[in-house]
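File shown here: work-v7.txt, holding compact mmCIF, C-alpha atoms (C1' of nucleotides).
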```
# COMPACT_ATOMS: atom_id res chain seq x y z
CA MET A 5 -112.98 102.77 -68.20
CA ILE A 6 -110.64 101.83 -71.06
CA ALA A 7 -107.97 100.55 -68.63
CA ALA A 8 -110.45 98.58 -66.56
CA ASN A 9 -112.01 96.91 -69.61
CA THR A 10 -108.59 95.97 -70.95
CA LYS A 11 -107.49 94.64 -67.59
CA TRP A 12 -110.45 92.27 -67.45
CA GLY A 13 -110.00 90.99 -70.96
CA ARG A 14 -112.72 93.11 -72.55
CA SER A 15 -110.54 94.75 -75.19
CA ALA A 16 -113.39 95.09 -77.69
CA GLU A 17 -115.33 97.24 -75.20
CA ALA A 18 -112.16 99.25 -74.46
CA LEU A 19 -111.65 99.95 -78.16
CA GLY A 20 -115.35 100.83 -78.51
CA LEU A 21 -114.92 103.45 -75.80
CA TYR A 22 -111.93 104.92 -77.65
CA ARG A 23 -114.01 105.17 -80.85
CA ARG A 24 -116.71 106.92 -78.82
CA MET A 25 -114.12 109.41 -77.57
CA GLU A 26 -113.12 110.11 -81.16
CA ARG A 27 -116.77 110.61 -82.18
CA GLU A 28 -117.51 112.86 -79.25
CA LYS A 29 -114.29 114.79 -79.85
CA VAL A 30 -112.92 114.18 -76.37
CA LYS A 31 -109.15 114.67 -76.48
CA PRO A 32 -107.19 111.70 -75.14
CA ASN A 33 -103.93 112.34 -73.25
CA ASP A 34 -100.81 110.19 -73.16
CA VAL A 35 -102.24 107.88 -70.48
CA THR A 36 -105.45 107.32 -72.45
CA LEU A 37 -103.44 106.41 -75.54
CA LEU A 38 -101.23 104.07 -73.54
CA ASN A 39 -104.31 102.20 -72.38
CA VAL A 40 -105.72 102.14 -75.90
CA LEU A 41 -102.47 100.59 -77.15
CA ALA A 42 -102.71 97.97 -74.41
CA ALA A 43 -106.21 97.17 -75.67
CA CYS A 44 -104.88 97.02 -79.27
CA ALA A 45 -102.22 94.54 -78.17
CA CYS A 46 -104.87 92.32 -76.57
CA ALA A 47 -107.20 92.54 -79.57
CA ARG A 48 -104.37 92.35 -82.16
CA ASP A 49 -105.84 95.56 -83.62
CA LEU A 50 -103.15 97.16 -85.80
CA GLU A 51 -105.55 99.65 -87.42
CA THR A 52 -106.55 101.37 -84.20
CA ALA A 53 -102.91 101.42 -83.11
CA GLU A 54 -102.02 103.31 -86.29
CA ARG A 55 -104.76 105.87 -85.48
CA VAL A 56 -103.16 106.27 -82.04
CA VAL A 57 -99.77 106.85 -83.71
CA GLU A 58 -101.29 109.56 -85.91
CA HIS A 59 -102.87 111.17 -82.89
CA VAL A 60 -99.59 111.19 -80.97
CA LYS A 61 -97.79 112.76 -83.92
CA SER A 62 -100.38 115.44 -84.72
CA ASN A 63 -101.02 116.52 -81.14
CA GLU A 64 -97.41 116.94 -80.03
CA ILE A 65 -97.80 114.34 -77.30
CA GLY A 66 -94.50 112.65 -78.12
CA PHE A 67 -93.45 109.05 -77.73
CA SER A 68 -92.30 108.45 -74.20
CA THR A 69 -90.44 105.24 -73.37
CA VAL A 70 -93.66 103.75 -72.01
CA LEU A 71 -95.78 104.74 -75.02
CA SER A 72 -93.14 103.39 -77.44
CA ALA A 73 -92.98 100.15 -75.49
CA ALA A 74 -96.74 99.74 -75.69
CA LEU A 75 -96.61 100.36 -79.45
CA MET A 76 -93.77 97.86 -79.87
CA ASP A 77 -95.88 95.30 -78.10
CA VAL A 78 -98.81 95.90 -80.48
CA TYR A 79 -96.48 95.52 -83.49
CA CYS A 80 -94.99 92.30 -82.08
CA LYS A 81 -98.36 90.78 -81.29
CA CYS A 82 -99.64 91.67 -84.78
CA GLY A 83 -96.67 89.96 -86.43
CA GLN A 84 -94.90 93.20 -87.39
CA VAL A 85 -91.66 92.44 -85.56
CA LEU A 86 -89.53 94.54 -87.93
CA LEU A 87 -91.59 97.66 -87.16
CA ALA A 88 -91.17 96.98 -83.45
CA ARG A 89 -87.44 96.39 -83.87
CA LYS A 90 -87.06 99.68 -85.72
CA ILE A 91 -88.63 101.56 -82.79
CA PHE A 92 -86.49 99.55 -80.37
CA ASP A 93 -83.25 100.27 -82.23
CA GLU A 94 -84.02 103.99 -82.49
CA MET A 95 -85.15 104.50 -78.89
CA PRO A 96 -82.96 106.97 -76.96
CA GLU A 97 -83.68 105.14 -73.71
CA ARG A 98 -84.64 101.53 -73.14
CA ASN A 99 -85.71 100.04 -69.85
CA LEU A 100 -86.12 96.38 -68.92
CA VAL A 101 -89.71 96.22 -70.17
CA CYS A 102 -88.61 97.35 -73.65
CA TRP A 103 -86.00 94.58 -73.79
CA ASN A 104 -88.55 92.04 -72.58
CA ILE A 105 -91.12 93.04 -75.20
CA MET A 106 -88.53 92.81 -77.99
CA ILE A 107 -87.14 89.46 -76.80
CA LYS A 108 -90.64 87.98 -76.62
CA GLY A 109 -91.41 89.50 -80.02
CA HIS A 110 -88.52 87.61 -81.61
CA VAL A 111 -89.52 84.39 -79.86
CA GLU A 112 -93.10 84.72 -81.16
CA ASP A 113 -91.61 85.32 -84.61
CA SER A 114 -89.72 81.99 -84.28
CA ASN A 115 -86.47 83.94 -84.39
CA TYR A 116 -85.02 82.27 -81.31
CA MET A 117 -81.43 83.09 -82.14
CA GLU A 118 -82.20 86.82 -82.30
CA ALA A 119 -83.99 86.57 -78.94
CA LEU A 120 -80.90 84.99 -77.41
CA ASN A 121 -78.73 87.59 -79.16
CA LEU A 122 -80.72 90.38 -77.51
CA PHE A 123 -80.24 88.72 -74.14
CA ARG A 124 -76.47 88.75 -74.75
CA LYS A 125 -76.57 92.44 -75.72
CA MET A 126 -78.63 93.14 -72.63
CA GLN A 127 -76.05 91.51 -70.37
CA PHE A 128 -73.31 93.40 -72.20
CA ARG A 129 -75.03 96.66 -71.33
CA GLY A 130 -75.39 95.70 -67.69
CA ILE A 131 -79.19 95.45 -67.73
CA LYS A 132 -80.33 92.78 -65.29
CA ALA A 133 -82.82 90.28 -66.65
CA ASP A 134 -85.86 89.41 -64.53
CA LYS A 135 -88.38 86.57 -64.42
CA VAL A 136 -90.24 87.93 -67.47
CA THR A 137 -87.04 87.95 -69.57
CA MET A 138 -86.26 84.44 -68.39
CA ALA A 139 -89.71 83.06 -69.23
CA SER A 140 -89.31 84.18 -72.87
CA LEU A 141 -85.78 82.80 -73.13
CA VAL A 142 -86.81 79.48 -71.59
CA LEU A 143 -89.61 79.33 -74.17
CA ALA A 144 -87.04 79.93 -76.92
CA CYS A 145 -85.02 76.94 -75.63
CA ALA A 146 -88.17 74.82 -75.58
CA HIS A 147 -88.76 75.57 -79.27
CA LEU A 148 -85.12 74.97 -80.17
CA GLY A 149 -84.88 71.78 -78.13
CA ALA A 150 -81.77 73.34 -76.64
CA LEU A 151 -81.50 71.40 -73.40
CA GLU A 152 -78.01 72.51 -72.40
CA LEU A 153 -78.89 76.15 -72.96
CA GLY A 154 -82.11 75.65 -71.00
CA LYS A 155 -80.20 74.11 -68.11
CA TRP A 156 -77.81 77.04 -68.23
CA LEU A 157 -80.76 79.49 -68.03
CA HIS A 158 -82.15 77.53 -65.07
CA ALA A 159 -78.80 77.77 -63.30
CA TYR A 160 -78.61 81.48 -64.15
CA ILE A 161 -82.06 82.02 -62.61
CA LYS A 162 -80.92 80.34 -59.39
CA ARG A 163 -77.55 82.10 -59.31
CA GLU A 164 -79.02 85.56 -59.88
CA GLY A 165 -81.77 84.97 -57.33
CA ILE A 166 -84.54 85.54 -59.89
CA GLU A 167 -87.88 84.56 -58.40
CA THR A 168 -89.33 81.39 -59.94
CA ASP A 169 -93.05 82.07 -59.76
CA VAL A 170 -95.76 79.85 -61.23
CA VAL A 171 -95.35 81.28 -64.74
CA LEU A 172 -91.56 80.87 -64.93
CA GLY A 173 -91.81 77.48 -63.20
CA THR A 174 -94.34 76.30 -65.80
CA ALA A 175 -92.11 77.55 -68.61
CA LEU A 176 -89.22 75.50 -67.16
CA VAL A 177 -91.37 72.36 -66.83
CA ASP A 178 -92.46 72.81 -70.44
CA MET A 179 -88.90 73.45 -71.64
CA TYR A 180 -87.51 70.33 -69.97
CA ALA A 181 -90.33 68.20 -71.39
CA LYS A 182 -89.99 69.65 -74.90
CA CYS A 183 -86.24 68.98 -74.75
CA GLY A 184 -87.02 65.36 -73.86
CA SER A 185 -85.67 65.59 -70.33
CA VAL A 186 -88.59 64.03 -68.46
CA ASN A 187 -86.73 63.67 -65.16
CA ASN A 188 -85.86 67.35 -65.06
CA ALA A 189 -89.46 68.28 -65.95
CA VAL A 190 -90.83 66.16 -63.10
CA ASN A 191 -88.20 67.47 -60.65
CA MET A 192 -89.03 71.07 -61.59
CA PHE A 193 -92.73 70.34 -61.14
CA ASP A 194 -92.10 68.75 -57.71
CA GLU A 195 -89.98 71.70 -56.61
CA MET A 196 -92.70 74.26 -57.29
CA PRO A 197 -94.49 75.56 -54.20
CA ARG A 198 -97.54 76.58 -56.22
CA ARG A 199 -98.95 75.03 -59.41
CA ASP A 200 -101.95 76.00 -61.52
CA VAL A 201 -103.84 74.37 -64.41
CA MET A 202 -101.19 75.40 -66.91
CA THR A 203 -98.42 73.82 -64.80
CA TRP A 204 -100.25 70.50 -64.60
CA THR A 205 -101.15 70.71 -68.29
CA ALA A 206 -97.53 71.36 -69.29
CA LEU A 207 -96.38 68.29 -67.37
CA ILE A 208 -99.17 66.01 -68.61
CA GLY A 209 -98.71 67.07 -72.24
CA GLY A 210 -94.93 66.81 -71.89
CA LEU A 211 -95.05 63.30 -70.45
CA ALA A 212 -97.50 62.29 -73.18
CA THR A 213 -95.30 63.41 -76.09
CA CYS A 214 -92.16 61.97 -74.45
CA GLY A 215 -93.72 58.52 -74.58
CA HIS A 216 -94.77 58.33 -70.93
CA GLY A 217 -98.51 58.01 -71.55
CA GLU A 218 -99.23 55.96 -68.45
CA LYS A 219 -97.35 58.41 -66.22
CA ALA A 220 -99.22 61.32 -67.87
CA LEU A 221 -102.57 59.70 -67.05
CA GLN A 222 -101.36 59.04 -63.52
CA MET A 223 -100.56 62.75 -63.15
CA PHE A 224 -104.00 63.60 -64.52
CA GLU A 225 -105.57 61.51 -61.75
CA GLU A 226 -103.32 63.22 -59.21
CA MET A 227 -104.35 66.59 -60.59
CA ARG A 228 -108.01 65.76 -60.06
CA ALA A 229 -107.28 64.36 -56.58
CA ASN A 230 -105.67 67.71 -55.75
CA GLY A 231 -108.92 69.45 -56.65
CA MET A 232 -107.46 71.09 -59.77
CA LYS A 233 -110.01 71.45 -62.57
CA PRO A 234 -108.66 70.42 -66.00
CA ASP A 235 -109.39 72.69 -68.97
CA SER A 236 -109.70 72.17 -72.70
CA VAL A 237 -105.91 72.20 -73.18
CA THR A 238 -105.38 69.63 -70.40
CA PHE A 239 -107.58 67.22 -72.34
CA VAL A 240 -105.46 67.63 -75.46
CA GLY A 241 -102.57 66.33 -73.33
CA VAL A 242 -104.65 63.52 -71.84
CA LEU A 243 -105.89 62.37 -75.26
CA THR A 244 -102.37 62.63 -76.69
CA ALA A 245 -101.19 60.38 -73.83
CA CYS A 246 -103.85 57.81 -74.70
CA SER A 247 -103.14 57.80 -78.44
CA HIS A 248 -99.36 57.59 -78.01
CA ALA A 249 -99.68 54.78 -75.45
CA GLY A 250 -102.26 52.89 -77.53
CA LEU A 251 -104.95 53.19 -74.84
CA VAL A 252 -108.00 53.34 -77.10
CA GLU A 253 -110.69 52.64 -74.51
CA GLU A 254 -109.22 55.02 -71.92
CA GLY A 255 -109.04 57.70 -74.58
CA ARG A 256 -112.67 57.22 -75.51
CA ALA A 257 -113.71 57.41 -71.84
CA HIS A 258 -111.73 60.63 -71.25
CA PHE A 259 -113.18 62.15 -74.42
CA ASP A 260 -116.71 61.40 -73.22
CA SER A 261 -115.96 62.76 -69.74
CA MET A 262 -114.99 66.17 -71.13
CA SER A 263 -118.54 67.34 -71.73
CA ALA A 264 -120.25 64.98 -69.27
CA LEU A 265 -118.10 65.82 -66.22
CA TYR A 266 -116.50 69.16 -67.01
CA GLY A 267 -118.84 70.88 -69.45
CA ILE A 268 -115.99 71.28 -71.95
CA GLN A 269 -117.11 71.03 -75.58
CA PRO A 270 -114.57 69.13 -77.72
CA THR A 271 -112.93 71.28 -80.39
CA VAL A 272 -111.19 70.33 -83.61
CA GLU A 273 -108.00 69.63 -81.60
CA HIS A 274 -109.76 66.99 -79.50
CA TYR A 275 -111.31 65.34 -82.55
CA GLY A 276 -107.83 65.38 -84.07
CA CYS A 277 -106.51 63.48 -81.04
CA MET A 278 -109.34 60.94 -81.32
CA MET A 279 -108.66 60.44 -85.02
CA ASP A 280 -104.99 59.90 -84.10
CA LEU A 281 -106.02 57.47 -81.34
CA PHE A 282 -107.82 55.23 -83.86
CA GLY A 283 -105.29 55.85 -86.63
CA ARG A 284 -102.23 54.88 -84.56
CA ALA A 285 -104.06 51.81 -83.29
CA GLY A 286 -104.49 50.78 -86.92
CA ASP A 287 -108.27 51.22 -87.05
CA LEU A 288 -108.25 53.40 -90.17
CA GLU A 289 -111.96 52.84 -90.86
CA LYS A 290 -112.91 54.25 -87.47
CA ALA A 291 -110.46 57.14 -87.87
CA ALA A 292 -111.93 58.00 -91.28
CA GLU A 293 -115.49 57.67 -90.01
CA LEU A 294 -114.72 60.09 -87.17
CA VAL A 295 -113.36 62.58 -89.68
CA ARG A 296 -116.54 62.17 -91.76
CA THR A 297 -118.93 62.58 -88.84
CA MET A 298 -117.24 65.08 -86.52
CA PRO A 299 -119.40 68.16 -85.84
CA VAL A 300 -116.55 70.61 -86.53
CA SER A 301 -115.00 70.60 -89.98
CA PRO A 302 -111.62 68.82 -90.03
CA ASP A 303 -108.67 71.14 -90.60
CA TYR A 304 -105.32 70.48 -92.21
CA PHE A 305 -103.95 68.87 -89.05
CA VAL A 306 -106.73 66.30 -88.83
CA LEU A 307 -106.71 65.36 -92.51
CA GLY A 308 -102.90 65.38 -92.64
CA GLY A 309 -102.81 63.14 -89.57
CA LEU A 310 -105.23 60.72 -91.19
CA LEU A 311 -103.11 60.64 -94.33
CA GLY A 312 -100.03 59.99 -92.16
CA ALA A 313 -101.81 57.09 -90.46
CA CYS A 314 -102.67 55.69 -93.91
CA ARG A 315 -98.97 55.74 -94.80
CA ILE A 316 -98.02 53.87 -91.62
CA HIS A 317 -100.71 51.22 -92.09
CA GLY A 318 -100.64 51.13 -95.90
CA ASN A 319 -104.28 52.00 -96.56
CA VAL A 320 -104.47 53.26 -100.16
CA ALA A 321 -108.26 53.72 -100.39
CA ILE A 322 -108.56 56.06 -97.42
CA ALA A 323 -105.31 57.77 -98.41
CA GLU A 324 -106.78 58.59 -101.84
CA SER A 325 -110.05 60.07 -100.54
CA THR A 326 -108.25 61.98 -97.80
CA SER A 327 -105.66 63.47 -100.12
CA ARG A 328 -108.42 64.50 -102.55
CA ARG A 329 -109.91 66.61 -99.78
CA LEU A 330 -106.52 67.92 -98.72
CA LEU A 331 -105.57 68.84 -102.29
CA GLU A 332 -108.85 70.72 -102.69
CA LEU A 333 -108.27 72.62 -99.45
CA HIS A 334 -104.55 73.29 -99.94
CA PRO A 335 -103.54 72.64 -103.56
CA ASP A 336 -100.14 74.27 -103.06
CA HIS A 337 -99.10 72.34 -99.98
CA GLY A 338 -96.28 70.04 -101.07
CA GLY A 339 -96.50 67.69 -98.09
CA THR A 340 -99.75 66.11 -99.29
CA TYR A 341 -98.34 65.19 -102.71
CA VAL A 342 -95.17 63.73 -101.22
CA LEU A 343 -97.06 61.71 -98.64
CA LEU A 344 -99.49 60.28 -101.21
CA SER A 345 -96.70 59.51 -103.65
CA ASN A 346 -94.75 57.76 -100.88
CA ILE A 347 -97.81 55.68 -99.98
CA TYR A 348 -98.07 54.53 -103.62
CA SER A 349 -94.38 53.78 -103.98
CA SER A 350 -94.19 51.91 -100.67
CA MET A 351 -96.80 49.55 -102.12
CA GLY A 352 -95.06 49.21 -105.46
CA LYS A 353 -97.66 51.34 -107.29
CA TRP A 354 -94.99 53.17 -109.27
CA ASP A 355 -97.23 54.58 -112.01
CA GLU A 356 -99.55 56.19 -109.48
CA ALA A 357 -96.60 57.54 -107.50
CA GLU A 358 -95.15 59.06 -110.64
CA GLY A 359 -98.56 60.50 -111.55
CA VAL A 360 -98.68 62.42 -108.26
CA ARG A 361 -95.13 63.70 -108.77
CA GLU A 362 -96.07 64.85 -112.28
CA LEU A 363 -99.16 66.65 -110.95
CA MET A 364 -96.91 68.38 -108.46
CA GLU A 365 -94.57 69.44 -111.25
CA GLU A 366 -97.50 70.63 -113.39
CA ARG A 367 -98.83 72.79 -110.60
CA ASN A 368 -95.33 74.00 -109.77
CA VAL A 369 -95.65 72.93 -106.14
CA ARG A 370 -92.46 72.55 -104.12
CA LYS A 371 -91.95 70.71 -100.87
CA PRO A 372 -89.62 72.64 -98.57
CA PRO A 373 -86.91 70.31 -97.29
CA GLY A 374 -87.34 68.80 -93.83
CA CYS A 375 -85.11 70.29 -91.22
CA SER A 376 -83.84 69.24 -87.80
CA MET A 377 -81.98 71.04 -85.08
CA VAL A 378 -79.44 69.32 -82.89
CA GLU A 379 -77.67 70.74 -79.86
CA ILE A 380 -74.04 69.78 -79.32
CA ASP A 381 -72.01 71.32 -76.47
CA GLY A 382 -74.66 74.00 -75.94
CA GLU A 383 -74.57 75.09 -79.58
CA VAL A 384 -77.61 74.58 -81.83
CA HIS A 385 -76.92 73.23 -85.34
CA GLU A 386 -79.49 73.18 -88.13
CA PHE A 387 -79.54 70.37 -90.69
CA PHE A 388 -81.66 69.92 -93.79
CA VAL A 389 -82.57 66.49 -95.16
CA GLY A 390 -79.60 65.08 -97.03
CA ASP A 391 -77.41 68.01 -95.98
CA GLU A 392 -73.77 66.93 -96.17
CA THR A 393 -72.24 70.40 -96.28
CA HIS A 394 -72.36 71.07 -92.55
CA PRO A 395 -68.93 70.40 -90.98
CA ARG A 396 -70.49 68.13 -88.37
CA SER A 397 -72.68 66.15 -90.79
CA PRO A 398 -70.84 62.81 -90.47
CA GLU A 399 -71.14 62.98 -86.69
CA ILE A 400 -74.85 63.82 -86.83
CA TYR A 401 -75.60 61.03 -89.30
CA ALA A 402 -73.80 58.61 -86.99
CA MET A 403 -76.03 59.82 -84.14
CA VAL A 404 -79.18 59.52 -86.26
CA ARG A 405 -78.16 56.05 -87.44
CA ASP A 406 -77.67 55.01 -83.83
CA MET A 407 -81.07 56.45 -82.79
CA ILE A 408 -82.95 54.81 -85.66
CA GLY A 409 -81.17 51.56 -84.90
CA ARG A 410 -82.13 51.66 -81.25
CA SER A 411 -85.77 52.42 -81.95
CA ARG A 412 -85.97 49.67 -84.59
CA GLU A 413 -84.33 47.27 -82.20
CA ALA A 414 -86.84 48.23 -79.52
CA ARG A 415 -89.66 47.52 -81.97
CA GLY A 416 -87.98 44.33 -83.09
CA ASP A 417 -87.78 45.57 -86.70
CA VAL A 418 -84.09 45.22 -87.35
CA ALA A 419 -81.73 43.12 -85.33
CA ASP A 420 -78.56 44.31 -86.99
CA ARG A 421 -77.92 48.01 -86.64
CA SER A 422 -75.58 48.08 -89.64
CA GLU A 423 -78.60 47.74 -91.95
CA VAL A 424 -79.55 51.34 -91.23
CA PRO A 425 -78.07 53.57 -93.95
CA LEU A 426 -75.44 56.10 -92.90
CA CYS A 427 -76.78 58.81 -95.19
CA ILE A 428 -80.30 59.54 -96.22
CA PRO A 429 -80.75 57.78 -99.59
CA GLU A 430 -80.78 59.97 -102.69
CA GLU A 431 -84.43 59.21 -103.49
CA GLU A 432 -85.60 60.38 -100.09
CA LYS A 433 -83.82 63.70 -100.22
C1' DT B 4 -105.88 105.98 -65.08
C1' DT B 5 -99.82 103.70 -67.08
C1' DA B 6 -96.20 99.04 -71.30
C1' DG B 7 -93.62 92.85 -70.54
C1' DG B 8 -93.67 86.29 -69.18
C1' DG B 9 -96.17 80.02 -68.97
C1' DT B 10 -99.98 74.92 -71.14
C1' DT B 11 -102.89 73.00 -77.36
C1' DA B 12 -103.59 67.30 -81.93
C1' DG B 13 -100.57 64.50 -87.53
```

Now that the file is in, can you turn its structure into structure tokens?
Amino acid sequence: MIAANTKWGRSAEALGLYRRMEREKVKPNDVTLLNVLAACACARDLETAERVVEHVKSNEIGFSTVLSAALMDVYCKCGQVLLARKIFDEMPERNLVCWNIMIKGHVEDSNYMEALNLFRKMQFRGIKADKVTMASLVLACAHLGALELGKWLHAYIKREGIETDVVLGTALVDMYAKCGSVNNAVNMFDEMPRRDVMTWTALIGGLATCGHGEKALQMFEEMRANGMKPDSVTFVGVLTACSHAGLVEEGRAHFDSMSALYGIQPTVEHYGCMMDLFGRAGDLEKAAELVRTMPVSPDYFVLGGLLGACRIHGNVAIAESTSRRLLELHPDHGGTYVLLSNIYSSMGKWDEAEGVRELMEERNVRKPPGCSMVEIDGEVHEFFVGDETHPRSPEIYAMVRDMIGRSREARGDVADRSEVPLCIPEEEK
DNA sequence: TTAGGGTTAG
């Protein structure tokens, strides 16, 4: 009963059954506890997992490889990666599943380098990776923006004859799109023999954020023509495509079709996209009105996005009311202060800008420095804003200068590329 | 009866 409930996504019922066993003093065996841990992993229930650990210890059941793996997975999913890693490091025997759980755990913890490190160790020990290992590693590359590494993983998958099923295929589509390689994402998508909603959604969202809004909407039409039903996440991609491509009316129509045609109720994410749609298009009043009237309360993303739009379009009034709300919600978030102060200073309101900086000082709020990662020759380098200590800094700044120059040229902002500063000016650090 | 992988707004 516990296994079946877990399998069908009813982890609360599964955990309820385990509590009932405890009450009725029915002794679980190792298989019961394994299933309970699987339910804990689904429900992110650390407390019950700790009760299972106590039970294993006090009843001389012992931690088999499988039971330890299940526990590691609970720890990873509950954000306790170090606890999982301790079990992993102390295990007398590790099979492929253990490695896969730990690699995914590090990826979820944003520790992509450690995930890739484990993959290296795995190869060193002669353990063959499978499609599950690869999906996690490809995801790590997607987060890092490590295109060359991602391409290498793709080649490795082909060379080792690892099956590219719909999950791994979707991960590759997503990785290529997140690394900005639209052609590779589309090619991967075309190559796949089977695609599901997530595959289509990954491509649509990827095209949208890479600046191919029209193509994303075209794929959305193709998706529907293929009889594939979009879900709530698909619409986030569709609305992103509209806002990035400046297609206000299309965006509005798609937003309305969500509930009318598909019975999908818009969530805060979708309202965020709509706010962005109006904000990017320069209609700050409409963006602000949407934030005022939306049926779900706007979160940090929505309000922060509105404040960002105010900076782009230089709207002080809406910026002030929005940052008031943001500062009430998150008084120790440095980004809000910096953004508001930059809005003031960009309009020559130096006293107000200084006032915000002083408030920040008073409240002892710090803004963590912005950080970028750049991949050169398959190696990922991390740079902080104004960082000149990295040995490859001059090269990176030259690249950034060139990129900014090109985008300004494309927008017609600056004709002469030499006007773009080589280093980030002191005051922006 | 038995552990692992993919899509989400500024």

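Reported to one decimal place, the separation of CA of Thr174 (chain A) from CA of Thr203 (chain A) is 4.9 Å.
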
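Separating CA of Lys11 (chain A) from CA of Leu38 (chain A) is a distance of 12.8 Å.
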
Residue contacts of Ala249 (chain A) (10 Å, only C-alpha atoms (C1' of nucleotides)) excluding same-chain residues fewer than 6 positions away, as number ranges by chain: A: 212-213, 215-218, 243, 255, 281, 284-285

Distance criterion (only C-alpha atoms (C1' of nucleotides)): nearest to chain B out of A:Leu153, A:Ile131, A:Cys80, A:Leu207: A:Leu207

List the residues sitting within 7 Å of (-90.4, 97.5, -74.7) in the file's frame, using all atoms listed in the file, as a tab-separated table (two decimals) with C-alpha atoms (C1' of nucleotides), keeping the file's coordinate frame.
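Writing done, so here's selection.tsv:
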```
chain	number	residue	atom	x	y	z
A	73	ALA	CA	-92.98	100.15	-75.49
A	74	ALA	CA	-96.74	99.74	-75.69
A	76	MET	CA	-93.77	97.86	-79.87
A	77	ASP	CA	-95.88	95.30	-78.10
A	101	VAL	CA	-89.71	96.22	-70.17
A	102	CYS	CA	-88.61	97.35	-73.65
A	103	TRP	CA	-86.00	94.58	-73.79
A	104	ASN	CA	-88.55	92.04	-72.58
A	105	ILE	CA	-91.12	93.04	-75.20
A	106	MET	CA	-88.53	92.81	-77.99
B	6	DA	C1'	-96.20	99.04	-71.30
```

Expected answer as a PyMOL selection string: chain A residues within 7 Å of chain B, all atoms listed in the file: chain A and resi 7+35+38+70-71+73-74+101+104-105+136-137+139-140+171-172+174-175+202-203+205-206+237+240+273-274+276-277+305-306+308-309+312
